[in-house]
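Novice: File name protein-v7.pdb; file contents PDB, N, CA and C atoms; full text below.
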```
ATOM      1  N   MET D   1     -11.964   0.970   5.157
ATOM      2  CA  MET D   1     -11.483   2.318   5.413
ATOM      3  C   MET D   1     -12.683   3.184   5.795
ATOM      4  N   GLU D   2     -12.495   4.012   6.778
ATOM      5  CA  GLU D   2     -13.597   4.846   7.246
ATOM      6  C   GLU D   2     -14.010   5.870   6.191
ATOM      7  N   GLU D   3     -15.202   6.401   6.365
ATOM      8  CA  GLU D   3     -15.727   7.404   5.423
ATOM      9  C   GLU D   3     -14.954   8.706   5.608
ATOM     10  N   LEU D   4     -14.286   9.142   4.556
ATOM     11  CA  LEU D   4     -13.478  10.355   4.625
ATOM     12  C   LEU D   4     -14.148  11.553   3.967
ATOM     13  N   GLY D   5     -15.247  11.324   3.255
ATOM     14  CA  GLY D   5     -15.934  12.419   2.589
ATOM     15  C   GLY D   5     -15.173  12.953   1.393
ATOM     16  N   ILE D   6     -14.558  12.056   0.641
ATOM     17  CA  ILE D   6     -13.813  12.503  -0.533
ATOM     18  C   ILE D   6     -14.721  12.515  -1.755
ATOM     19  N   PRO D   7     -14.425  13.404  -2.678
ATOM     20  CA  PRO D   7     -15.193  13.433  -3.931
ATOM     21  C   PRO D   7     -14.769  12.240  -4.796
ATOM     22  N   PRO D   8     -15.509  11.973  -5.866
ATOM     23  CA  PRO D   8     -15.072  10.905  -6.778
ATOM     24  C   PRO D   8     -13.635  11.169  -7.245
ATOM     25  N   LEU D   9     -12.828  10.131  -7.275
ATOM     26  CA  LEU D   9     -11.424  10.278  -7.629
ATOM     27  C   LEU D   9     -11.230  10.333  -9.148
ATOM     28  N   THR D  10     -10.288  11.159  -9.556
ATOM     29  CA  THR D  10      -9.911  11.195 -10.961
ATOM     30  C   THR D  10      -8.986  10.016 -11.240
ATOM     31  N   ASP D  11      -8.770   9.718 -12.498
ATOM     32  CA  ASP D  11      -7.837   8.644 -12.865
ATOM     33  C   ASP D  11      -6.449   8.927 -12.311
ATOM     34  N   GLU D  12      -6.030  10.178 -12.342
ATOM     35  CA  GLU D  12      -4.716  10.559 -11.832
ATOM     36  C   GLU D  12      -4.628  10.335 -10.327
ATOM     37  N   GLN D  13      -5.687  10.649  -9.604
ATOM     38  CA  GLN D  13      -5.690  10.436  -8.154
ATOM     39  C   GLN D  13      -5.668   8.953  -7.820
ATOM     40  N   ILE D  14      -6.373   8.149  -8.588
ATOM     41  CA  ILE D  14      -6.359   6.698  -8.371
ATOM     42  C   ILE D  14      -4.951   6.160  -8.603
ATOM     43  N   GLU D  15      -4.313   6.606  -9.676
ATOM     44  CA  GLU D  15      -2.941   6.180  -9.954
ATOM     45  C   GLU D  15      -2.005   6.602  -8.821
ATOM     46  N   GLU D  16      -2.194   7.803  -8.317
ATOM     47  CA  GLU D  16      -1.319   8.308  -7.254
ATOM     48  C   GLU D  16      -1.522   7.547  -5.947
ATOM     49  N   VAL D  17      -2.747   7.257  -5.580
ATOM     50  CA  VAL D  17      -2.978   6.526  -4.336
ATOM     51  C   VAL D  17      -2.382   5.121  -4.443
ATOM     52  N   CYS D  18      -2.497   4.500  -5.597
ATOM     53  CA  CYS D  18      -1.898   3.175  -5.800
ATOM     54  C   CYS D  18      -0.373   3.259  -5.768
ATOM     55  N   ARG D  19       0.188   4.291  -6.386
ATOM     56  CA  ARG D  19       1.643   4.467  -6.394
ATOM     57  C   ARG D  19       2.187   4.685  -4.988
ATOM     58  N   LEU D  20       1.502   5.527  -4.220
ATOM     59  CA  LEU D  20       1.933   5.806  -2.849
ATOM     60  C   LEU D  20       1.837   4.564  -1.968
ATOM     61  N   ALA D  21       0.767   3.804  -2.138
ATOM     62  CA  ALA D  21       0.601   2.580  -1.358
ATOM     63  C   ALA D  21       1.707   1.579  -1.695
ATOM     64  N   GLU D  22       1.970   1.417  -2.982
ATOM     65  CA  GLU D  22       3.022   0.475  -3.394
ATOM     66  C   GLU D  22       4.388   0.916  -2.881
ATOM     67  N   GLU D  23       4.673   2.192  -2.996
ATOM     68  CA  GLU D  23       5.947   2.728  -2.528
ATOM     69  C   GLU D  23       6.116   2.511  -1.023
ATOM     70  N   ALA D  24       5.070   2.762  -0.259
ATOM     71  CA  ALA D  24       5.141   2.583   1.193
ATOM     72  C   ALA D  24       5.387   1.116   1.548
ATOM     73  N   ALA D  25       4.711   0.215   0.848
ATOM     74  CA  ALA D  25       4.894  -1.218   1.116
ATOM     75  C   ALA D  25       6.323  -1.645   0.790
ATOM     76  N   ARG D  26       6.815  -1.234  -0.367
ATOM     77  CA  ARG D  26       8.171  -1.608  -0.769
ATOM     78  C   ARG D  26       9.209  -1.038   0.207
ATOM     79  N   ASN D  27       9.053   0.217   0.574
ATOM     80  CA  ASN D  27       9.989   0.831   1.525
ATOM     81  C   ASN D  27       9.983   0.083   2.855
ATOM     82  N   TYR D  28       8.798  -0.318   3.304
ATOM     83  CA  TYR D  28       8.718  -1.037   4.573
ATOM     84  C   TYR D  28       9.447  -2.380   4.471
ATOM     85  N   VAL D  29       9.152  -3.141   3.423
ATOM     86  CA  VAL D  29       9.789  -4.453   3.263
ATOM     87  C   VAL D  29      11.306  -4.298   3.239
ATOM     88  N   TYR D  30      11.797  -3.346   2.456
ATOM     89  CA  TYR D  30      13.242  -3.185   2.341
ATOM     90  C   TYR D  30      13.873  -2.567   3.590
ATOM     91  N   SER D  31      13.071  -2.009   4.470
ATOM     92  CA  SER D  31      13.620  -1.535   5.747
ATOM     93  C   SER D  31      13.785  -2.692   6.737
ATOM     94  N   LYS D  32      13.117  -3.809   6.457
ATOM     95  CA  LYS D  32      13.168  -4.969   7.348
ATOM     96  C   LYS D  32      14.002  -6.118   6.798
ATOM     97  N   ILE D  33      14.101  -6.186   5.458
ATOM     98  CA  ILE D  33      14.824  -7.279   4.808
ATOM     99  C   ILE D  33      15.726  -6.668   3.737
ATOM    100  N   GLN D  34      16.990  -7.050   3.742
ATOM    101  CA  GLN D  34      17.909  -6.535   2.735
ATOM    102  C   GLN D  34      17.457  -6.964   1.341
ATOM    103  N   LYS D  35      17.582  -6.042   0.396
ATOM    104  CA  LYS D  35      17.160  -6.319  -0.978
ATOM    105  C   LYS D  35      17.794  -7.580  -1.536
ATOM    106  N   LYS D  36      19.027  -7.837  -1.179
ATOM    107  CA  LYS D  36      19.728  -8.990  -1.743
ATOM    108  C   LYS D  36      19.096 -10.315  -1.325
ATOM    109  N   HIS D  37      18.275 -10.304  -0.256
ATOM    110  CA  HIS D  37      17.617 -11.524   0.212
ATOM    111  C   HIS D  37      16.191 -11.670  -0.333
ATOM    112  N   VAL D  38      15.708 -10.657  -1.009
ATOM    113  CA  VAL D  38      14.343 -10.692  -1.547
ATOM    114  C   VAL D  38      14.389 -11.252  -2.968
ATOM    115  N   GLU D  39      13.837 -12.438  -3.117
ATOM    116  CA  GLU D  39      13.769 -13.080  -4.439
ATOM    117  C   GLU D  39      12.747 -12.361  -5.315
ATOM    118  N   SER D  40      11.571 -12.095  -4.733
ATOM    119  CA  SER D  40      10.553 -11.325  -5.446
ATOM    120  C   SER D  40       9.683 -10.581  -4.438
ATOM    121  N   LEU D  41       9.213  -9.434  -4.879
ATOM    122  CA  LEU D  41       8.313  -8.605  -4.070
ATOM    123  C   LEU D  41       7.213  -8.115  -4.993
ATOM    124  N   ASN D  42       6.001  -8.551  -4.715
ATOM    125  CA  ASN D  42       4.850  -8.140  -5.509
ATOM    126  C   ASN D  42       3.895  -7.351  -4.618
ATOM    127  N   VAL D  43       3.581  -6.162  -5.060
ATOM    128  CA  VAL D  43       2.631  -5.305  -4.353
ATOM    129  C   VAL D  43       1.517  -4.973  -5.330
ATOM    130  N   CYS D  44       0.295  -5.242  -4.914
ATOM    131  CA  CYS D  44      -0.858  -4.943  -5.756
ATOM    132  C   CYS D  44      -1.800  -4.028  -4.966
ATOM    133  N   ALA D  45      -2.060  -2.855  -5.504
ATOM    134  CA  ALA D  45      -2.989  -1.909  -4.888
ATOM    135  C   ALA D  45      -4.095  -1.627  -5.896
ATOM    136  N   VAL D  46      -5.340  -1.838  -5.470
ATOM    137  CA  VAL D  46      -6.489  -1.650  -6.347
ATOM    138  C   VAL D  46      -7.505  -0.749  -5.652
ATOM    139  N   VAL D  47      -7.955   0.282  -6.365
ATOM    140  CA  VAL D  47      -8.985   1.182  -5.859
ATOM    141  C   VAL D  47     -10.246   0.934  -6.675
ATOM    142  N   GLU D  48     -11.358   0.712  -5.962
ATOM    143  CA  GLU D  48     -12.644   0.492  -6.626
ATOM    144  C   GLU D  48     -13.710   1.343  -5.960
ATOM    145  N   GLY D  49     -14.733   1.670  -6.734
ATOM    146  CA  GLY D  49     -15.885   2.378  -6.192
ATOM    147  C   GLY D  49     -15.648   3.858  -6.025
ATOM    148  N   GLU D  50     -16.738   4.531  -5.690
ATOM    149  CA  GLU D  50     -16.661   5.971  -5.452
ATOM    150  C   GLU D  50     -17.076   6.319  -4.031
ATOM    151  N   LYS D  51     -18.215   5.880  -3.635
ATOM    152  CA  LYS D  51     -18.725   6.166  -2.278
ATOM    153  C   LYS D  51     -19.319   4.889  -1.725
ATOM    154  N   PRO D  52     -18.582   4.152  -0.949
ATOM    155  CA  PRO D  52     -17.223   4.425  -0.474
ATOM    156  C   PRO D  52     -16.172   3.952  -1.468
ATOM    157  N   VAL D  53     -14.984   4.491  -1.297
ATOM    158  CA  VAL D  53     -13.828   4.031  -2.060
ATOM    159  C   VAL D  53     -13.299   2.793  -1.350
ATOM    160  N   ASN D  54     -13.127   1.730  -2.092
ATOM    161  CA  ASN D  54     -12.567   0.499  -1.529
ATOM    162  C   ASN D  54     -11.134   0.354  -2.015
ATOM    163  N   LEU D  55     -10.249   0.077  -1.082
ATOM    164  CA  LEU D  55      -8.841  -0.084  -1.398
ATOM    165  C   LEU D  55      -8.411  -1.480  -0.971
ATOM    166  N   GLU D  56      -7.865  -2.225  -1.909
ATOM    167  CA  GLU D  56      -7.330  -3.550  -1.614
ATOM    168  C   GLU D  56      -5.835  -3.520  -1.864
ATOM    169  N   ILE D  57      -5.089  -4.048  -0.909
ATOM    170  CA  ILE D  57      -3.636  -4.090  -1.039
ATOM    171  C   ILE D  57      -3.157  -5.483  -0.673
ATOM    172  N   GLU D  58      -2.348  -6.043  -1.546
ATOM    173  CA  GLU D  58      -1.731  -7.335  -1.283
ATOM    174  C   GLU D  58      -0.228  -7.185  -1.419
ATOM    175  N   VAL D  59       0.488  -7.777  -0.473
ATOM    176  CA  VAL D  59       1.948  -7.751  -0.510
ATOM    177  C   VAL D  59       2.427  -9.189  -0.396
ATOM    178  N   ASP D  60       3.210  -9.605  -1.361
ATOM    179  CA  ASP D  60       3.755 -10.958  -1.373
ATOM    180  C   ASP D  60       5.269 -10.875  -1.459
ATOM    181  N   VAL D  61       5.932 -11.463  -0.464
ATOM    182  CA  VAL D  61       7.386 -11.441  -0.415
ATOM    183  C   VAL D  61       7.900 -12.877  -0.474
ATOM    184  N   GLU D  62       8.809 -13.118  -1.403
ATOM    185  CA  GLU D  62       9.493 -14.401  -1.474
ATOM    186  C   GLU D  62      10.978 -14.138  -1.256
ATOM    187  N   LEU D  63      11.560 -14.940  -0.373
ATOM    188  CA  LEU D  63      12.953 -14.736  -0.011
ATOM    189  C   LEU D  63      13.852 -15.791  -0.637
ATOM    190  N   ASP D  64      15.141 -15.461  -0.739
ATOM    191  CA  ASP D  64      16.078 -16.430  -1.292
ATOM    192  C   ASP D  64      16.347 -17.536  -0.267
ATOM    193  N   SER D  65      17.034 -18.567  -0.704
ATOM    194  CA  SER D  65      17.238 -19.760   0.125
ATOM    195  C   SER D  65      18.045 -19.487   1.389
ATOM    196  N   SER D  66      18.818 -18.422   1.413
ATOM    197  CA  SER D  66      19.592 -18.112   2.616
ATOM    198  C   SER D  66      18.695 -17.667   3.780
ATOM    199  N   MET D  67      17.442 -17.349   3.474
ATOM    200  CA  MET D  67      16.506 -16.873   4.498
ATOM    201  C   MET D  67      15.430 -17.927   4.799
ATOM    202  N   GLU D  68      15.745 -19.188   4.585
ATOM    203  CA  GLU D  68      14.738 -20.250   4.706
ATOM    204  C   GLU D  68      14.101 -20.341   6.092
ATOM    205  N   HIS D  69      14.758 -19.855   7.125
ATOM    206  CA  HIS D  69      14.195 -19.926   8.471
ATOM    207  C   HIS D  69      13.474 -18.641   8.885
ATOM    208  N   PHE D  70      13.343 -17.724   7.961
ATOM    209  CA  PHE D  70      12.680 -16.443   8.235
ATOM    210  C   PHE D  70      11.305 -16.449   7.579
ATOM    211  N   ASP D  71      10.267 -16.194   8.374
ATOM    212  CA  ASP D  71       8.901 -16.150   7.847
ATOM    213  C   ASP D  71       8.593 -14.728   7.365
ATOM    214  N   PRO D  72       8.394 -14.541   6.053
ATOM    215  CA  PRO D  72       8.143 -13.199   5.536
ATOM    216  C   PRO D  72       6.708 -12.704   5.757
ATOM    217  N   LYS D  73       5.801 -13.573   6.191
ATOM    218  CA  LYS D  73       4.386 -13.198   6.332
ATOM    219  C   LYS D  73       4.185 -11.992   7.258
ATOM    220  N   PRO D  74       4.778 -11.960   8.450
ATOM    221  CA  PRO D  74       4.580 -10.771   9.304
ATOM    222  C   PRO D  74       5.069  -9.474   8.646
ATOM    223  N   VAL D  75       6.160  -9.561   7.886
ATOM    224  CA  VAL D  75       6.661  -8.368   7.192
ATOM    225  C   VAL D  75       5.684  -7.970   6.087
ATOM    226  N   SER D  76       5.165  -8.953   5.362
ATOM    227  CA  SER D  76       4.178  -8.672   4.305
ATOM    228  C   SER D  76       2.939  -8.007   4.893
ATOM    229  N   ASP D  77       2.451  -8.546   6.002
ATOM    230  CA  ASP D  77       1.256  -7.985   6.648
ATOM    231  C   ASP D  77       1.496  -6.551   7.127
ATOM    232  N   ALA D  78       2.649  -6.327   7.743
ATOM    233  CA  ALA D  78       2.970  -4.982   8.230
ATOM    234  C   ALA D  78       3.159  -4.017   7.061
ATOM    235  N   ALA D  79       3.733  -4.497   5.963
ATOM    236  CA  ALA D  79       3.915  -3.650   4.779
ATOM    237  C   ALA D  79       2.560  -3.237   4.209
ATOM    238  N   ALA D  80       1.601  -4.153   4.215
ATOM    239  CA  ALA D  80       0.253  -3.822   3.733
ATOM    240  C   ALA D  80      -0.369  -2.750   4.626
ATOM    241  N   LYS D  81      -0.167  -2.845   5.931
ATOM    242  CA  LYS D  81      -0.689  -1.825   6.852
ATOM    243  C   LYS D  81      -0.059  -0.461   6.571
ATOM    244  N   GLU D  82       1.236  -0.452   6.310
ATOM    245  CA  GLU D  82       1.911   0.806   5.981
ATOM    246  C   GLU D  82       1.366   1.381   4.674
ATOM    247  N   ALA D  83       1.084   0.500   3.726
ATOM    248  CA  ALA D  83       0.514   0.950   2.452
ATOM    249  C   ALA D  83      -0.855   1.585   2.673
ATOM    250  N   PHE D  84      -1.683   0.966   3.523
ATOM    251  CA  PHE D  84      -2.995   1.542   3.829
ATOM    252  C   PHE D  84      -2.850   2.905   4.494
ATOM    253  N   LYS D  85      -1.880   3.033   5.396
ATOM    254  CA  LYS D  85      -1.665   4.321   6.062
ATOM    255  C   LYS D  85      -1.309   5.408   5.049
ATOM    256  N   ALA D  86      -0.425   5.077   4.122
ATOM    257  CA  ALA D  86      -0.015   6.055   3.109
ATOM    258  C   ALA D  86      -1.195   6.433   2.215
ATOM    259  N   ALA D  87      -1.975   5.445   1.814
ATOM    260  CA  ALA D  87      -3.137   5.706   0.968
ATOM    261  C   ALA D  87      -4.160   6.551   1.712
ATOM    262  N   GLU D  88      -4.399   6.224   2.977
ATOM    263  CA  GLU D  88      -5.377   6.977   3.758
ATOM    264  C   GLU D  88      -4.929   8.427   3.951
ATOM    265  N   ALA D  89      -3.641   8.638   4.187
ATOM    266  CA  ALA D  89      -3.131  10.006   4.343
ATOM    267  C   ALA D  89      -3.373  10.815   3.067
ATOM    268  N   TYR D  90      -3.143  10.202   1.918
ATOM    269  CA  TYR D  90      -3.375  10.884   0.643
ATOM    270  C   TYR D  90      -4.859  11.177   0.456
ATOM    271  N   LEU D  91      -5.706  10.205   0.765
ATOM    272  CA  LEU D  91      -7.156  10.404   0.613
ATOM    273  C   LEU D  91      -7.678  11.470   1.578
ATOM    274  N   ARG D  92      -7.122  11.526   2.776
ATOM    275  CA  ARG D  92      -7.514  12.573   3.731
ATOM    276  C   ARG D  92      -7.142  13.958   3.180
ATOM    277  N   LYS D  93      -5.980  14.025   2.541
ATOM    278  CA  LYS D  93      -5.540  15.286   1.944
ATOM    279  C   LYS D  93      -6.520  15.723   0.851
ATOM    280  N   ILE D  94      -6.953  14.778   0.035
ATOM    281  CA  ILE D  94      -7.939  15.083  -1.013
ATOM    282  C   ILE D  94      -9.244  15.555  -0.380
ATOM    283  N   ALA D  95      -9.685  14.862   0.675
ATOM    284  CA  ALA D  95     -10.941  15.217   1.338
ATOM    285  C   ALA D  95     -10.852  16.626   1.931
ATOM    286  N   CYS D  96      -9.708  16.934   2.530
ATOM    287  CA  CYS D  96      -9.516  18.251   3.139
ATOM    288  C   CYS D  96      -9.578  19.356   2.079
ATOM    289  N   HIS D  97      -8.935  19.123   0.932
ATOM    290  CA  HIS D  97      -8.922  20.127  -0.135
ATOM    291  C   HIS D  97     -10.301  20.279  -0.785
ATOM    292  N   SER D  98     -11.076  19.211  -0.813
ATOM    293  CA  SER D  98     -12.388  19.299  -1.456
ATOM    294  C   SER D  98     -13.407  20.016  -0.577
ATOM    295  N   GLN D  99     -13.136  20.122   0.727
ATOM    296  CA  GLN D  99     -14.087  20.760   1.629
ATOM    297  C   GLN D  99     -13.850  22.258   1.742
ATOM    298  N   ARG D 100     -12.852  22.743   1.052
ATOM    299  CA  ARG D 100     -12.547  24.189   1.113
ATOM    300  C   ARG D 100     -13.441  24.953   0.186
TER     301      ARG D 100
END
```
What do you get writing this file as structure tokens?
Specialist:
Amino acid sequence: MEELGIPPLTDEQIEEVCRLAEEAARNYVYSKIQKKHVESLNVCAVVEGEKPVNLEIEVDVELDSSMEHFDPKPVSDAAAKEAFKAAEAYLRKIACHSQR
């Protein structure tokens, strides 16, 4: 993630960026695959460091047997990208407020 010039994050901000990233990933997956076909959906968002802030996001989708010919990997990858976008938007907002 590019340098946004954000101050050190509080515990609450770290929780919020992780929550927003997870929510964005889940919303993306469920916009592409019906919930009834998703056997499991695991989203892991981890924020480390201060300058720079490192964000790791993993999305793992397992589908039920009725979807055996559907590869969930592209959806998982796109969901991770959406999660990064949501996290970056939140971090940009923090950076903007800290520069005032």
Novice: Please write the residues picked by the PyMOL selection byres ((chain D and resi 11-21) around 8) on this file as a short mmCIF file (atom, residue, chain, number, x, y, z; two decimals) with N, CA and C atoms, in the coordinates of the input.
Specialist:
```cif
data_model
loop_
_atom_site.label_atom_id
_atom_site.label_comp_id
_atom_site.auth_asym_id
_atom_site.auth_seq_id
_atom_site.Cartn_x
_atom_site.Cartn_y
_atom_site.Cartn_z
N PRO D 8 -15.51 11.97 -5.87
CA PRO D 8 -15.07 10.90 -6.78
C PRO D 8 -13.64 11.17 -7.24
N LEU D 9 -12.83 10.13 -7.28
CA LEU D 9 -11.42 10.28 -7.63
C LEU D 9 -11.23 10.33 -9.15
N THR D 10 -10.29 11.16 -9.56
CA THR D 10 -9.91 11.20 -10.96
C THR D 10 -8.99 10.02 -11.24
N GLU D 22 1.97 1.42 -2.98
CA GLU D 22 3.02 0.48 -3.39
C GLU D 22 4.39 0.92 -2.88
N GLU D 23 4.67 2.19 -3.00
CA GLU D 23 5.95 2.73 -2.53
C GLU D 23 6.12 2.51 -1.02
N ALA D 24 5.07 2.76 -0.26
CA ALA D 24 5.14 2.58 1.19
C ALA D 24 5.39 1.12 1.55
N ALA D 25 4.71 0.22 0.85
CA ALA D 25 4.89 -1.22 1.12
C ALA D 25 6.32 -1.64 0.79
N ARG D 26 6.82 -1.23 -0.37
CA ARG D 26 8.17 -1.61 -0.77
C ARG D 26 9.21 -1.04 0.21
N ASN D 27 9.05 0.22 0.57
CA ASN D 27 9.99 0.83 1.52
C ASN D 27 9.98 0.08 2.86
N VAL D 43 3.58 -6.16 -5.06
CA VAL D 43 2.63 -5.30 -4.35
C VAL D 43 1.52 -4.97 -5.33
N CYS D 44 0.30 -5.24 -4.91
CA CYS D 44 -0.86 -4.94 -5.76
C CYS D 44 -1.80 -4.03 -4.97
N ALA D 45 -2.06 -2.86 -5.50
CA ALA D 45 -2.99 -1.91 -4.89
C ALA D 45 -4.10 -1.63 -5.90
N VAL D 46 -5.34 -1.84 -5.47
CA VAL D 46 -6.49 -1.65 -6.35
C VAL D 46 -7.50 -0.75 -5.65
N VAL D 47 -7.96 0.28 -6.36
CA VAL D 47 -8.98 1.18 -5.86
C VAL D 47 -10.25 0.93 -6.68
N ILE D 57 -5.09 -4.05 -0.91
CA ILE D 57 -3.64 -4.09 -1.04
C ILE D 57 -3.16 -5.48 -0.67
N ALA D 79 3.73 -4.50 5.96
CA ALA D 79 3.92 -3.65 4.78
C ALA D 79 2.56 -3.24 4.21
N ALA D 80 1.60 -4.15 4.22
CA ALA D 80 0.25 -3.82 3.73
C ALA D 80 -0.37 -2.75 4.63
N GLU D 82 1.24 -0.45 6.31
CA GLU D 82 1.91 0.81 5.98
C GLU D 82 1.37 1.38 4.67
N ALA D 83 1.08 0.50 3.73
CA ALA D 83 0.51 0.95 2.45
C ALA D 83 -0.86 1.58 2.67
N PHE D 84 -1.68 0.97 3.52
CA PHE D 84 -3.00 1.54 3.83
C PHE D 84 -2.85 2.90 4.49
N LYS D 85 -1.88 3.03 5.40
CA LYS D 85 -1.66 4.32 6.06
C LYS D 85 -1.31 5.41 5.05
N ALA D 86 -0.42 5.08 4.12
CA ALA D 86 -0.02 6.06 3.11
C ALA D 86 -1.20 6.43 2.22
N ALA D 87 -1.98 5.44 1.81
CA ALA D 87 -3.14 5.71 0.97
C ALA D 87 -4.16 6.55 1.71
N GLU D 88 -4.40 6.22 2.98
CA GLU D 88 -5.38 6.98 3.76
C GLU D 88 -4.93 8.43 3.95
N TYR D 90 -3.14 10.20 1.92
CA TYR D 90 -3.38 10.88 0.64
C TYR D 90 -4.86 11.18 0.46
N LEU D 91 -5.71 10.20 0.76
CA LEU D 91 -7.16 10.40 0.61
C LEU D 91 -7.68 11.47 1.58
#
```
Novice: Please give the complete set of residues from chain D that DSSP, run on the backbone, assigns to helix (DSSP H, G or I), formatted as a PyMOL selection string.
Specialist: chain D and resi 11-32+35-37+65-67+73-98
Novice: Record the distance separating atom N of Val59 (chain D) and CA of Asn42 (chain D), expressed in Å with one decimal.
Specialist: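 Computing it gives 6.7 Å between the two atoms.
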Novice: Would you compute the distance between CA of Asp77 (chain D) and CA of Glu48 (chain D)? Give it in Å to one decimal.
Specialist: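 Interatomic distance, CA of Asp77 (chain D) to CA of Glu48 (chain D): 21.0 Å.
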Novice: Mind giving me the straight-line distance from CA of Lys35 (chain D) to CA of Lys73 (chain D) in Å, one decimal?
Specialist: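 Computing the Euclidean distance for CA of Lys35 (chain D) and CA of Lys73 (chain D) yields 16.2 Å.
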Novice: Closest to Leu63 (chain D) among D:Gln34, D:Arg92, D:Gly49, D:Tyr28, using only C-alpha atoms?
Specialist: D:Gln34
Novice: List every residue of chain D that DSSP, applied to the backbone of this structure, places in strand (DSSP E), and write the result as an MDAnalysis selection string.
Specialist: chainID D and resid 38:48 54:63
Novice: Take the point (9.3, -14.1, 4.0) in the file's coordinates, draw a sphere of radius 6 Å around it, and report as a count of residues only every protein, DNA or RNA residue with an atom inside or on it, counting only N, CA and C atoms.
Specialist: 7
Novice: Centre and edge lengths, as JSON, for the axis-aligned box enclosing every listed atom of region 34-43 of chain D with 8 Å of padding on each of the six sides, in Å to one decimal?
Specialist:
```
{"center_x": 10.6, "center_y": -9.0, "center_z": -0.9, "size_x": 34.2, "size_y": 24.1, "size_z": 25.3}
```
Novice: So, counting only C-alpha atoms, which residue among D:Ser76, D:Val53, D:Lys81, D:Ala89 is closest to Lys32 (chain D)?
Specialist: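 Using only C-alpha atoms, the shortest distance to Lys32 (chain D) belongs to D:Ser76.
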